[in-house]
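**Q** Please find one structure pasted underneath; my questions will follow.
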Amino acid sequence: MSDTHSQLASPRAWLDAGRKQLGPRSRFLVAGDTTLTYGDIDEHTTKFASYLDQLGVAPGDPVMVISNDPIAVGQLSLAIIRSGRCLCVVDPGGTPREIRASLVVVEPALIFARGDEIDRCELRQDCVWTVVELGAKPAKTLANRLFAKRDSTADKTSWPAVIDNCSAASELPDLDPEQCALIVFTSGSTSRPKGVELSLRAILTHFETLDHVFGFAGSVVHNVLPLSHVDGLIEGPLMTYFNGATWVRPIDFSVAAIPELLDSVYRHQVTHMLVVPTMLALYDRLASDMPDAFDTPDFQMIVSSAGPLPTALWTRFESTFDTVVCNSYGLSETVTSSIASGPESSGTRRVGTIGRPIGCAVELINEDGAPVPEGQIGEIVITGDHLFSRYRNDEVSTTKVLTDRTFRTGDLAIRDDDGFIQLRGRKSSMIVRGGRNIAPAEIDAVIGQLAGVVQSATTGIDDPMWGQRVETIIITEDTVSSEDVVTHCRRLLSPHKVPQRVLRVNEMPLTPSGKIDAAGVRDRLSGPRHEQNDHSSDIDDVVLRAAARIFGVSEADLSLSSTIDQVDGWDSLAHLDLVGAIEDHFSIIMSNADILGIRNLGDASVITRSHRP
């Protein structure tokens with residue numbers, strides 16, 4: 001075990017050390033109007049452990065939660081891990097194809113999902129899975145506690161009602177530190193997802209490192225990142241519990257929610273905010289009129305992860321909002337961060353870098369595996385106790401990157417004379433969009449299923465707001481349009497994986513050996529775009545054409561009355577892309593109120609006219 005807790009009697013004492021300092025009424029989670037206390041978590045865990053025993057779910061068995069609801073994930077994730085089972089949280093926004101692929105990898109003993117997700121993914125069609133429906137969460141209000149009837153019409157076969165009649169376990173079993181406690185998914189180099197197995201020892205060791213660098217013990221952490229991803233789940237309910245902290249998730253992240261999200265920093269006495277660089281870029285663009293958002297007696301720092309943080313954005317944000325921004329680097333295979341540019345007190349801070357290794361050793365190596373001199377580019381190789389155990393049921397992929405507690409990341413970097421590290425790209429073709437890893441091979445495999453597609457090649461194109469954009473070139477028969485490809489992808493892929501642009505070409509860039517030339521693909525997609533040559537001055541026409549291109553739909557399917565709720569592909573990311581396209585075309589700058597006030601395409605036209613002579 002770690003030096004800090006090596007003298008504790010058991011792994012359970014290690015896990016529960018932070019919680020033991022708190023009373024049952026201490027806040028664990030604040031989500032919207034609902035508050036869960038540590039007492040609520042304890043009560044749920046002891047009953048849930050009995051429930052799993054009754055179902056015959058053995059220690060170590062995987063239990064899957066298909067949800068992004070913080071109440072459900074907060075209670076279930078801790079109950080599953082504290083009772084000695086293995087947790088896996090899956091994105092409910094995934095397509096049925098993606099969700100069922102994750103089931104094949106994990107082979108869960110038990111699944112929790114909302115009724116509509118169960119039906120959409122046909123989870124009850126396969127008798128292999130035991131499925132429990134996630135019911136409506138009870139409001140944590142005084143009136144509810146005093147007057148709600150215990151024998152109400154709630155469905156007793158759904159969670160949380162299924163544990164109502166379970167007696168609390170008198171004692172939770174001790175935990176095996178080497179047992180897999182968590183499975184998270186990472187985009188692999190192929191279309192098949194990889195299930196990363198993390199042991200309890202790796203997770204708890206890493207939590208001690210994070211607390212040492214960022215001071216999370218007893219903190220109030222603002223984290224609205226997706227709960228199916230490591231930074232949302234691990235640094236949400238799990239890290240909060242370990243540190244005896246409070247997790248604040250006032251509302252799901254969206255462009256329209258930015259004012260409320262920043263207001264909640266003061267309202268809930270937040271000390272730390274966890275973000276990805278795209279969120280920082282959106283706050284920087286849309287909240288510059290709230291420069292005192294972090295000027296509170298409690299707030300300490302922002303921690304950015306899951307993607308490169310541009311230096312210009314970093315320095316500008318710290319200047320505008322007069323707060324400390326920390327940068328970190330890690331992967332699912334390393335729990336979260338392995339390298340960090342933390343606060344000044346940590347000795348790791350240098351703006352423009354990812355900092356220094358934390359809780360691990362880092363080497364930069366060349367193609368032959370030999371260390372490279374300082375100032376030269378090499379692959380990041382990490383050695384430490386926080387590394388993953390294996391890729392689930394994928395020994396071949398495991399042995400390619402993991403040897404003797406040493407992990408080859410596939411990321412390239414340089415190290416200066418003072419030991420600070422700067423990222424320099426990836427050896428692989430992985431795309432990082434808005435903090436999410438995307439495998440081009442998965443997208444091309446899906447596109448290849450569409451009749452009439454001859455060939456496709458997907459890549460990431462640099463973007464100042466999202467880090468990278470997903471774009472594809474295709475060769476197709478005349479009957480297949482770019483819009484057909486986007487519609488097909490939208491049916492089979494999660495929204496963040498759907499190409500923002502599909503370009504039809506007559507010839508695919510190839511290397512001399514006949515393989516697709518990745519650099520040539522990027523050159524084709526980085527060339528002049530159709531909209532840059534569009535000299536139309538009619539505002540309505542420009543808005544409709546830009547919207548069709550950005551949302552990946554036919555212009556004939558749009559009108560000025562088309563709203564956000566009606567158009568597939570119109571999400572927060574696409575919303576800012578549309579604004580940017582209009583601003584570039586007409587050489588205008590929309591205000592924050594303008595951007596947040598666009599609810600249909602007619603609004604975009606009216607606001608654009610207000611900025612024109």
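Please note that chains go A, B, ... in the order of the structure tokens, that every chain numbers its residues from 1, and that ligands are numbered from 1 in the order shown.
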Would you list the contacts of A:Ile118 as a ChimeraX atom specification, taking every protein, DNA or RNA residue within 12 Å and counting only C-alpha atoms, but skipping same-chain residues closer than 3 positions in sequence?
**A** /A:65-67,92,95-96,99-100,111-115,121-126,129-134
**Q** Please, could you write that set of residues out with C-alpha atoms as an mmCIF file, in the first residue's frame?
**A**
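What ended up in selection27.cif:
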data_model
loop_
_atom_site.group_PDB
_atom_site.id
_atom_site.type_symbol
_atom_site.label_atom_id
_atom_site.label_comp_id
_atom_site.auth_asym_id
_atom_site.auth_seq_id
_atom_site.Cartn_x
_atom_site.Cartn_y
_atom_site.Cartn_z
ATOM 1 C CA VAL A 65 -24.861 1.018 -14.814
ATOM 2 C CA ILE A 66 -26.131 2.643 -18.019
ATOM 3 C CA SER A 67 -26.811 6.168 -16.813
ATOM 4 C CA PRO A 92 -26.649 6.071 -22.146
ATOM 5 C CA THR A 95 -26.234 3.789 -29.838
ATOM 6 C CA PRO A 96 -27.660 0.277 -29.315
ATOM 7 C CA ILE A 99 -23.936 -0.385 -25.806
ATOM 8 C CA ARG A 100 -24.294 -4.016 -26.831
ATOM 9 C CA ILE A 111 -27.375 -4.287 -15.446
ATOM 10 C CA PHE A 112 -29.106 -1.113 -14.252
ATOM 11 C CA ALA A 113 -30.675 1.064 -16.957
ATOM 12 C CA ARG A 114 -33.696 3.262 -17.569
ATOM 13 C CA GLY A 115 -36.726 1.587 -19.121
ATOM 14 C CA CYS A 121 -31.093 -1.609 -26.789
ATOM 15 C CA GLU A 122 -33.280 -4.732 -26.442
ATOM 16 C CA LEU A 123 -31.487 -5.668 -23.228
ATOM 17 C CA ARG A 124 -34.276 -7.995 -22.131
ATOM 18 C CA GLN A 125 -34.073 -9.972 -25.378
ATOM 19 C CA ASP A 126 -30.991 -11.797 -24.150
ATOM 20 C CA TRP A 129 -28.274 -10.388 -18.614
ATOM 21 C CA THR A 130 -30.165 -9.742 -15.383
ATOM 22 C CA VAL A 131 -31.670 -6.292 -15.931
ATOM 23 C CA VAL A 132 -33.093 -3.900 -13.331
ATOM 24 C CA GLU A 133 -34.858 -0.704 -14.368
ATOM 25 C CA LEU A 134 -33.730 2.619 -12.936
#
**Q** Set the distance at 10 Å and use only C-alpha atoms: which residues neighbour A:His488 once local chain neighbours fewer than 5 positions away are removed? I'd like the list as a list of chain:residue names.
**A**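 After dropping sequence-adjacent residues, the list is A:Val446, A:Ile447, A:Gln449, A:Leu450, A:Ser482, A:Glu483, A:Leu493, A:Val498.
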**Q** May I have the residues within 6 Å of A:Arg249 as a ChimeraX atom specification, using only C-alpha atoms and disregarding those fewer than 2 positions away in the same chain?
**A** /A:31,223-224,251
**Q** Within 8 Å of A:Glu477, counting only C-alpha atoms, which residues show up once you throw out same-chain ones fewer than 4 positions away? Write them as a PDB file with all heavy atoms, in the first residue's frame, please.
**A**
ATOM      1  N   GLY A 452     -23.142   1.523 -51.234  1.00  0.00           N
ATOM      2  CA  GLY A 452     -22.766   2.581 -52.159  1.00  0.00           C
ATOM      3  C   GLY A 452     -21.493   3.301 -51.779  1.00  0.00           C
ATOM      4  O   GLY A 452     -20.976   4.101 -52.567  1.00  0.00           O
ATOM      5  N   VAL A 453     -20.971   3.038 -50.575  1.00  0.00           N
ATOM      6  CA  VAL A 453     -19.700   3.632 -50.165  1.00  0.00           C
ATOM      7  C   VAL A 453     -18.564   2.728 -50.642  1.00  0.00           C
ATOM      8  O   VAL A 453     -18.524   1.541 -50.315  1.00  0.00           O
ATOM      9  CB  VAL A 453     -19.623   3.818 -48.631  1.00  0.00           C
ATOM     10  CG1 VAL A 453     -18.214   4.223 -48.213  1.00  0.00           C
ATOM     11  CG2 VAL A 453     -20.624   4.868 -48.175  1.00  0.00           C
ATOM     12  N   VAL A 454     -17.649   3.308 -51.389  1.00  0.00           N
ATOM     13  CA  VAL A 454     -16.521   2.546 -51.905  1.00  0.00           C
ATOM     14  C   VAL A 454     -15.362   2.557 -50.913  1.00  0.00           C
ATOM     15  O   VAL A 454     -14.753   1.526 -50.619  1.00  0.00           O
ATOM     16  CB  VAL A 454     -16.064   3.115 -53.263  1.00  0.00           C
ATOM     17  CG1 VAL A 454     -14.839   2.359 -53.782  1.00  0.00           C
ATOM     18  CG2 VAL A 454     -17.198   3.062 -54.270  1.00  0.00           C
TER      19      VAL A 454
END
**Q** Set out as a tab-separated table a contact list for stretch 235-314 of chain A and stretch 597-605 of chain A with a cut-off of 12 Å, giving each residue of stretch 235-314 of chain A that qualifies its closest atom pair and distance in Å to one decimal, counting only C-alpha atoms, ordered by chain and rising residue number.
**A**
residue	atom	partner	partner_atom	distance
A:Val255	CA	A:Gly597	CA	10.6
A:Ala256	CA	A:Gly597	CA	8.7
A:Leu286	CA	A:Gly597	CA	11.9
**Q** Just list the residues in stretch 145-358 of chain A DSSP gives strand (DSSP E or B) on the backbone, as a ChimeraX atom specification.
**A** /A:159,180-186,194-199,220-223,246-248,272-275,301-304,325-330,337-341,355-357
**Q** Rank A:Leu402, A:Val184, A:Ala361, A:Val248 by their smallest atom-to-atom distance to A:Val335, using only C-alpha atoms, and report the top residue only.
**A**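 Ranked by minimum distance to A:Val335, first place goes to A:Val184.
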**Q** May I ask which of the residues A:Arg524, A:Arg285, A:His496, A:Arg415 is the closest one to A:Ala457, counting only C-alpha atoms?
**A**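 Looking at the shortest contact to A:Ala457, the residue is A:Arg524.
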**Q** Which is closer to A:Ala181 than all the others in A:His212, A:Arg82, A:His575, A:Arg267, using only C-alpha atoms?
**A**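 Result for the nearest residue to A:Ala181: A:Arg82.
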**Q** Tell me which of A:Thr35, A:Leu578, A:Val567, A:Asp463 sits closest to A:Ser526, counting only C-alpha atoms.
**A**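 Ranking A:Thr35, A:Leu578, A:Val567, A:Asp463 by distance to A:Ser526, first place goes to A:Asp463.
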**Q** Separation of atom CA of A:Ser337 and atom CA of A:Asp462, in Å?
**A**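 Calculated distance between atom CA of A:Ser337 and atom CA of A:Asp462 is 23.4 Å.
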**Q** A:Arg609: which residues within 12 Å, counting only C-alpha atoms, same-chain residues fewer than 6 positions away excluded, as a PyMOL selection string?
**A** chain A and resi 537-540+542-543+582-583+586+588-590+594+602-603
**Q** Contacts of A:Pro277 at 9 Å or less, counting only C-alpha atoms, minus same-chain residues fewer than 3 places along, as a list in words?
**A** Leu280, Ala281, Leu282, Ser304, Ser305, Ala306, Gly307, Pro308, Leu309, Pro310, Leu313, Trp314, Gly434, Gly435, Met465, Trp466 and Gly467 of chain A
**Q** I need the helix (DSSP H, G or I) residues of stretch 416-463 of chain A per DSSP on the backbone, written as a ChimeraX atom specification.
**A** /A:440-447
**Q** Calculated over only C-alpha atoms, which of the candidates A:Ala519, A:Ile607, A:Ala58, A:Val502 has the smallest distance to A:Ser429?
**A** A:Ala519
**Q** Atom CA of A:Gly384 and atom CA of A:Gly218, how far apart in Å?
**A**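 Atom CA of A:Gly384 lies 25.9 Å from atom CA of A:Gly218.
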**Q** Output as a tab-separated table one row per residue of stretch 352-416 of chain A within 12 Å of stretch 193-209 of chain A: the closest atom pair and its distance in Å to one decimal place, counting only C-alpha atoms, sorted by chain and residue number ascending.
**A**
residue	atom	partner	partner_atom	distance
A:Pro357	CA	A:Thr209	CA	10.5
A:Ile358	CA	A:Thr209	CA	6.8
A:Gly359	CA	A:Thr209	CA	5.6
A:Cys360	CA	A:Thr209	CA	9.2
A:Gly384	CA	A:Ala202	CA	8.9
A:Asp385	CA	A:Ala202	CA	5.8
A:His386	CA	A:Ala202	CA	4.0
A:Leu387	CA	A:Ala202	CA	6.2
A:Phe388	CA	A:Leu198	CA	4.8
A:Ser389	CA	A:Glu197	CA	5.6
A:Arg390	CA	A:Glu197	CA	5.6
A:Tyr391	CA	A:Val196	CA	4.8
A:Arg392	CA	A:Gly195	CA	5.1
A:Asn393	CA	A:Gly195	CA	8.2
A:Asp394	CA	A:Lys194	CA	7.8
A:Glu395	CA	A:Lys194	CA	10.9
A:Val396	CA	A:Lys194	CA	11.5
A:Ser397	CA	A:Lys194	CA	8.7
A:Thr398	CA	A:Val196	CA	9.5
A:Leu402	CA	A:Val196	CA	11.9
A:Arg405	CA	A:Ala202	CA	11.1
**Q** Between A:Ser338, A:Asn437, A:Thr608, A:Thr406, which residue has the minimum interatomic distance to A:Ser587, considering only C-alpha atoms?
**A**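 So, comparing all the options, the nearest one is A:Thr608.
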